[in-house]
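Q: Dropping in query_26.cif, which is mmCIF, C-alpha atoms:
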```
data_final
loop_
_atom_site.label_atom_id
_atom_site.label_comp_id
_atom_site.auth_asym_id
_atom_site.auth_seq_id
_atom_site.Cartn_x
_atom_site.Cartn_y
_atom_site.Cartn_z
CA MET A 1 62.38 -31.89 -40.08
CA ARG A 2 59.79 -34.66 -40.58
CA ALA A 3 58.62 -36.64 -37.60
CA ILE A 4 58.53 -39.79 -39.75
CA ASP A 5 61.23 -39.53 -42.37
CA ARG A 6 60.33 -42.29 -44.79
CA PRO A 7 58.46 -42.74 -48.08
CA ILE A 8 54.70 -42.71 -47.99
CA HIS A 9 53.41 -46.33 -47.93
CA TRP A 10 49.99 -47.96 -48.13
CA GLY A 11 47.81 -46.98 -45.23
CA VAL A 12 49.26 -43.49 -44.63
CA LEU A 13 47.06 -40.46 -45.24
CA GLY A 14 48.49 -36.96 -45.74
CA THR A 15 50.39 -34.91 -43.17
CA GLN A 16 49.61 -32.58 -40.29
CA LYS A 17 51.61 -30.33 -37.95
CA GLY A 18 52.35 -31.94 -34.57
CA ASN A 19 52.59 -30.25 -31.20
CA GLY A 20 56.18 -29.16 -31.95
CA GLY A 21 55.40 -27.89 -35.42
CA GLU A 22 56.68 -31.08 -37.06
CA GLU A 23 54.82 -32.77 -39.88
CA MET A 24 53.17 -36.07 -39.05
CA GLU A 25 51.77 -38.68 -41.39
CA HIS A 26 48.30 -40.07 -40.70
CA PHE A 27 47.54 -43.76 -40.97
CA ALA A 28 44.36 -45.01 -42.64
CA THR A 29 41.50 -46.37 -40.53
CA GLU A 30 42.18 -49.88 -41.85
CA LYS A 31 45.71 -49.68 -40.41
CA TRP A 32 44.42 -48.59 -37.01
CA ILE A 33 41.95 -51.51 -36.99
CA ASP A 34 44.88 -53.87 -37.62
CA PHE A 35 46.82 -52.05 -34.90
CA VAL A 36 44.04 -52.57 -32.34
CA ASN A 37 43.71 -56.23 -33.38
CA GLN A 38 47.50 -56.76 -33.06
CA ALA A 39 47.69 -57.54 -36.78
CA VAL A 40 50.60 -55.23 -37.78
CA ASP A 41 54.27 -56.20 -37.80
CA ALA A 42 56.61 -55.04 -35.04
CA GLY A 43 58.28 -52.30 -37.10
CA GLU A 44 55.05 -50.70 -38.20
CA LYS A 45 53.60 -51.02 -34.69
CA ARG A 46 56.50 -48.95 -33.35
CA LEU A 47 55.94 -46.27 -35.99
CA MET A 48 52.23 -46.09 -35.18
CA GLU A 49 52.88 -45.94 -31.43
CA ARG A 50 55.38 -43.12 -32.01
CA HIS A 51 52.76 -41.34 -34.09
CA LEU A 52 50.30 -41.49 -31.18
CA GLN A 53 52.97 -40.31 -28.74
CA GLN A 54 53.53 -37.24 -30.93
CA GLY A 55 50.02 -36.12 -30.01
CA CYS A 56 47.88 -36.72 -33.10
CA GLN A 57 44.38 -36.28 -31.65
CA ARG A 58 42.62 -37.47 -34.78
CA CYS A 59 44.39 -40.83 -34.79
CA LYS A 60 44.01 -41.16 -31.01
CA LYS A 61 40.24 -40.84 -31.41
CA THR A 62 40.27 -43.46 -34.15
CA VAL A 63 42.22 -45.90 -31.98
CA SER A 64 39.96 -45.24 -29.00
CA LEU A 65 36.86 -45.90 -31.11
CA TRP A 66 38.09 -49.25 -32.42
CA GLN A 67 39.33 -50.29 -29.01
CA ARG A 68 35.79 -49.81 -27.67
CA VAL A 69 34.39 -51.78 -30.62
CA GLN A 70 36.81 -54.62 -29.92
CA GLN A 71 35.96 -54.65 -26.20
CA SER A 72 32.25 -54.65 -26.96
CA ALA A 73 32.60 -57.54 -29.41
CA ALA A 74 34.68 -59.53 -26.92
CA SER A 75 32.20 -59.02 -24.07
CA GLU A 76 29.25 -59.94 -26.31
CA ALA A 77 30.93 -63.22 -27.29
CA ASN A 78 31.36 -64.13 -23.62
CA TYR A 79 27.86 -63.05 -22.58
CA GLN A 80 25.59 -65.80 -21.29
CA PRO A 81 21.95 -64.83 -20.62
CA PRO A 82 20.43 -65.92 -17.29
CA GLU A 83 18.89 -69.38 -17.38
CA ASP A 84 15.48 -68.07 -16.29
CA ALA A 85 15.49 -65.59 -19.20
CA VAL A 86 16.28 -68.43 -21.63
CA ARG A 87 13.44 -70.54 -20.27
CA LEU A 88 11.01 -67.64 -20.54
CA ALA A 89 12.07 -66.98 -24.12
CA LYS A 90 11.65 -70.64 -25.05
CA ALA A 91 8.19 -70.68 -23.50
CA ALA A 92 7.22 -67.52 -25.40
CA PHE A 93 8.45 -68.98 -28.70
CA ALA A 94 6.60 -72.19 -27.96
CA GLY A 95 3.42 -70.17 -27.60
CA ALA A 96 4.17 -68.24 -30.77
CA GLY A 97 4.78 -71.50 -32.63
CA LEU A 98 1.29 -72.63 -31.77
CA ALA A 99 -0.26 -69.60 -33.46
CA GLY A 100 -0.33 -71.23 -36.89
CA GLN A 101 -1.69 -74.46 -35.44
CA ARG A 102 -4.48 -72.55 -33.70
CA LYS A 103 -5.55 -70.96 -36.99
CA ARG A 104 -5.56 -74.32 -38.79
CA ALA A 105 -7.27 -76.19 -35.95
CA GLY A 106 -9.82 -73.52 -35.18
CA SER A 107 -8.05 -71.98 -32.19
CA ARG A 108 -6.52 -74.63 -29.95
CA ILE A 109 -6.95 -72.49 -26.81
CA LYS A 110 -10.44 -71.19 -26.10
CA LEU A 111 -11.57 -69.09 -23.15
CA LEU A 112 -14.84 -70.59 -21.87
CA PHE A 113 -15.32 -68.44 -18.79
CA ASP A 114 -13.70 -65.36 -17.23
CA SER A 115 -15.13 -63.78 -14.10
CA PHE A 116 -13.73 -60.41 -15.24
CA LEU A 117 -16.02 -60.54 -18.26
CA GLN A 118 -19.15 -61.08 -16.17
CA PRO A 119 -21.41 -58.14 -15.25
CA ALA A 120 -20.54 -56.58 -11.89
CA PHE A 121 -22.31 -54.03 -9.77
CA GLU A 122 -21.30 -50.40 -10.32
CA GLY A 123 -17.89 -49.48 -8.89
CA ALA A 124 -16.79 -53.06 -8.15
CA ARG A 125 -14.28 -53.35 -10.98
CA SER A 126 -13.09 -49.74 -10.69
CA VAL A 127 -11.23 -50.53 -7.48
CA GLY A 128 -9.87 -53.85 -8.72
CA ALA A 129 -10.79 -57.38 -7.78
CA GLY A 130 -8.94 -59.68 -5.42
CA THR A 131 -9.85 -62.91 -7.26
CA ARG A 132 -10.21 -63.91 -10.89
CA GLN A 133 -11.55 -67.23 -12.14
CA MET A 134 -11.09 -68.58 -15.66
CA LEU A 135 -11.88 -71.73 -17.58
CA TYR A 136 -9.99 -72.68 -20.76
CA ARG A 137 -10.32 -75.43 -23.33
CA ALA A 138 -6.91 -76.38 -24.76
CA ASP A 139 -7.13 -79.82 -26.34
CA PRO A 140 -6.81 -82.32 -24.87
CA PHE A 141 -7.25 -80.40 -21.61
CA GLN A 142 -9.80 -78.31 -19.84
CA ILE A 143 -7.99 -75.94 -17.46
CA ASP A 144 -9.67 -74.34 -14.46
CA ILE A 145 -7.63 -71.41 -13.06
CA GLN A 146 -8.02 -69.07 -10.11
CA VAL A 147 -5.76 -66.06 -9.53
CA GLU A 148 -5.96 -64.49 -6.09
CA ALA A 149 -4.14 -61.56 -4.48
CA MET A 150 -2.54 -62.14 -1.09
CA PRO A 151 -3.81 -59.48 1.36
CA GLY A 152 -1.11 -57.09 2.53
CA ARG A 153 1.53 -58.63 0.27
CA ASN A 154 2.60 -57.91 -3.28
CA ARG A 155 2.08 -61.53 -4.31
CA ILE A 156 -0.55 -63.64 -6.01
CA VAL A 157 -1.56 -67.28 -5.64
CA VAL A 158 -2.47 -69.26 -8.76
CA THR A 159 -4.42 -72.49 -8.27
CA GLY A 160 -6.09 -74.72 -10.80
CA GLN A 161 -6.93 -78.13 -12.17
CA LEU A 162 -6.31 -79.92 -15.47
CA LEU A 163 -8.82 -82.42 -16.85
CA ASN A 164 -7.92 -84.61 -19.81
CA LEU A 165 -10.94 -84.50 -22.13
CA SER A 166 -9.55 -87.08 -24.58
CA SER A 167 -10.13 -89.88 -22.06
CA PRO A 168 -13.16 -89.51 -19.76
CA GLY A 169 -12.25 -90.04 -16.14
CA ILE A 170 -8.53 -89.39 -16.72
CA ILE A 171 -7.12 -86.27 -15.10
CA GLY A 172 -4.06 -84.24 -16.03
CA GLN A 173 -1.66 -85.82 -13.56
CA ASP A 174 2.09 -85.02 -13.46
CA ALA A 175 1.77 -82.08 -15.84
CA ARG A 176 4.54 -79.49 -15.42
CA ILE A 177 3.41 -75.93 -14.74
CA VAL A 178 5.59 -72.82 -15.02
CA LEU A 179 4.23 -69.52 -13.68
CA SER A 180 6.01 -66.35 -14.78
CA ASN A 181 5.38 -62.74 -13.78
CA MET A 182 7.00 -61.72 -17.11
CA ARG A 183 9.64 -59.74 -15.19
CA GLY A 184 12.22 -62.51 -14.92
CA GLN A 185 10.69 -64.48 -12.02
CA GLU A 186 9.12 -67.89 -12.42
CA VAL A 187 7.74 -70.64 -10.20
CA LYS A 188 7.35 -74.31 -11.07
CA ALA A 189 4.64 -76.73 -10.00
CA VAL A 190 3.42 -80.22 -10.88
CA THR A 191 -0.17 -81.40 -10.91
CA ASN A 192 -1.09 -83.97 -8.25
CA GLN A 193 -3.14 -87.16 -8.63
CA PHE A 194 -6.25 -85.03 -8.95
CA GLY A 195 -4.77 -82.79 -11.65
CA GLU A 196 -4.54 -79.90 -9.19
CA PHE A 197 -1.71 -77.42 -8.90
CA SER A 198 -0.84 -74.32 -6.89
CA GLY A 199 1.90 -71.68 -7.02
CA GLU A 200 2.72 -68.33 -5.44
CA ILE A 201 4.62 -65.57 -7.25
CA GLU A 202 5.42 -61.86 -6.97
CA ASN A 203 2.71 -59.69 -8.50
CA SER A 204 4.07 -57.67 -11.42
CA GLY A 205 0.60 -57.09 -12.84
CA ASP A 206 1.13 -59.58 -15.67
CA LEU A 207 1.07 -63.37 -15.59
CA GLN A 208 2.09 -66.13 -17.99
CA MET A 209 1.24 -69.79 -17.43
CA THR A 210 2.91 -72.62 -19.35
CA PHE A 211 1.47 -76.15 -19.16
CA ALA A 212 3.54 -79.09 -20.41
CA SER A 213 2.28 -82.65 -20.34
CA PRO A 214 3.93 -85.78 -21.82
CA GLY A 215 2.78 -86.37 -25.37
CA SER A 216 1.22 -82.91 -25.76
CA SER A 217 2.48 -79.60 -27.10
CA PRO A 218 3.10 -76.85 -24.51
CA ILE A 219 0.10 -74.64 -23.71
CA VAL A 220 0.93 -70.99 -23.01
CA ILE A 221 -1.65 -68.60 -21.53
CA SER A 222 -0.63 -64.97 -21.04
CA LEU A 223 -2.60 -62.42 -19.02
CA ARG A 224 -1.91 -58.70 -19.13
CA ASP A 225 -3.08 -56.86 -16.02
CA ALA A 226 -4.10 -60.18 -14.50
CA LEU A 227 -6.08 -58.70 -11.58
CA GLY A 228 -7.23 -55.47 -13.18
CA THR A 229 -6.39 -52.15 -11.53
CA LEU A 230 -5.35 -54.02 -8.40
CA SER A 231 -1.91 -54.42 -9.99
CA GLU A 232 -1.49 -50.64 -10.00
CA ASP A 233 -1.97 -50.42 -6.24
CA LYS A 234 1.22 -52.31 -5.39
CA PRO A 235 3.15 -50.92 -2.38
#
```
What does this structure look like when you write it as structure tokens?
A:
Amino acid sequence: MRAIDRPIHWGVLGTQKGNGGEEMEHFATEKWIDFVNQAVDAGEKRLMERHLQQGCQRCKKTVSLWQRVQQSAASEANYQPPEDAVRLAKAAFAGAGLAGQRKRAGSRIKLLFDSFLQPAFEGARSVGAGTRQMLYRADPFQIDIQVEAMPGRNRIVVTGQLLNLSSPGIIGQDARIVLSNMRGQEVKAVTNQFGEFSGEIENSGDLQMTFASPGSSPIVISLRDALGTLSEDKP
């Protein structure tokens, strides 16, 4: 006695003995995909459900696989990344987009001074430094930055000043600053009437600073291991 007593149709593959010794027809993978997607007619759906109830392990595995694929596709379509992750990605792409401009314009961002690159007495840098000072030229601005560790806390304070070099005597007022520890946390600041800014953020070891001023392209400065080996001594 056949478990499914009907002519072989498109989408059925061979036969196999069921749990009771009865022969069962196997459906093609394409049919099971339609089954999972609710794209088979009612009559064929009943036949396929009966086939699964008869204990065909091979077809059960196929259905289970495509059910997981469907669930994964559905969850991916509904996924919305966190807003802070989107902002960080946009800032990173903005910095990457400036790469070509830097090559054509002779490097738009130039490091003029870095206290970490200055000679230090023996052993001073090996234990890490609590403060780092840097000076950048990023037309039309000159950016003075200080990064300082907060004693007893796993946080750093970033302070600085923007000077607009295109117009002598004009400072970088109302520029938007975004500090990121490159681990999903960011802090925003705005320069005051003197072009000064300050922000405090958790110390991940790395630091990214994005400067946006009206009429100018974003300036992105990224620092790996911003305070040297100090970042490895986090509690």
Q: Please write as a PyMOL selection string the full residue list that the PyMOL selection byres ((chain A and resi 188) around 12) yields on this file.
A: chain A and resi 84+87+158+175-180+185-187+189-191+197-201+208-212
Q: Using all atoms listed in the file, pick whichever of A:Glu30, A:Asp225, A:Asp174, A:Glu49 has the shortest atom-to-atom distance to A:Val147.
A: A:Asp225
Q: What gap, in Å, lies between atom CA of A:Lys60 and atom CA of A:Lys45?
A: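 Answer for the atom CA of A:Lys60 to atom CA of A:Lys45 separation: 14.2 Å.
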Q: State, in Å with one decimal place, the distance from atom CA of A:Tyr136 to atom CA of A:Ser204.
A: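 Calculated distance between atom CA of A:Tyr136 and atom CA of A:Ser204 is 22.6 Å.
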Q: Evaluate the PyMOL selection byres ((chain A and resi 149) around 9) and record the selected residues as a list in words, following the chain and residue labels used in the document.
A: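 Answer for the PyMOL selection byres ((chain A and resi 149) around 9): Ala129, Gly130, Thr131, Val147, Glu148, Met150, Pro151, Gly152, Arg153, Asn154, Arg155, Ile156, Val157, Val158, Asn203, Leu227 and Leu230 of chain A.
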Q: Between A:Met48, A:Leu65, A:Ile221, A:Met134, which has the minimum distance to A:Phe113 (counting all atoms listed in the file)?
A: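 Once distances to A:Phe113 are computed over all atoms listed in the file, the minimum belongs to A:Met134.
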Q: May I ask which of the residues A:Gln118, A:Asn192, A:Arg183, A:Pro140 is the closest one to A:Leu207, counting only C-alpha atoms?
A: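 Ranking A:Gln118, A:Asn192, A:Arg183, A:Pro140 by distance to A:Leu207, first place goes to A:Arg183.
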Q: Could you tell me which residues the PyMOL selection byres ((chain A and resi 195) around 7) grabs in this file, written as a list in words?
A: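 Applied to this file, the PyMOL selection byres ((chain A and resi 195) around 7) returns Gln161, Leu162, Leu163, Ile171, Gly172, Gln173, Thr191, Asn192, Gln193, Phe194, Glu196 and Phe197 of chain A.
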Q: Can you work out which one of A:Ile143, A:Cys56, A:Leu223, A:Ala28 has the shortest atom-to-atom distance to A:Leu165, counting only C-alpha atoms?
A: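 Closest to A:Leu165 of all the choices is A:Ile143.
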Q: Show which residues sit within 10 Å of A:Cys59, as a list in words. Count only C-alpha atoms, and ignore same-chain residues fewer than 4 positions away.
A: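 Listing them by chain and then by number gives His26, Phe27, Ala28, Thr29, Trp32, Met48, His51, Leu52, Gly55, Val63, Ser64 and Leu65 of chain A.
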Q: Under the rule that only C-alpha atoms are counted, which of A:Arg50, A:Val36, A:Gly215, A:Asp41 is the nearest residue to A:Val69?
A: A:Val36
Q: Record the distance separating atom CA of A:Leu112 and atom CA of A:Gly184, expressed in Å with one decimal.
A: 29.1 Å
Q: Residues near A:Ser115, anyone? I mean within 6 Å using all atoms listed in the file, not counting same-chain ones fewer than 2 positions away, as number ranges by chain.
A: A: 117-118, 132-133
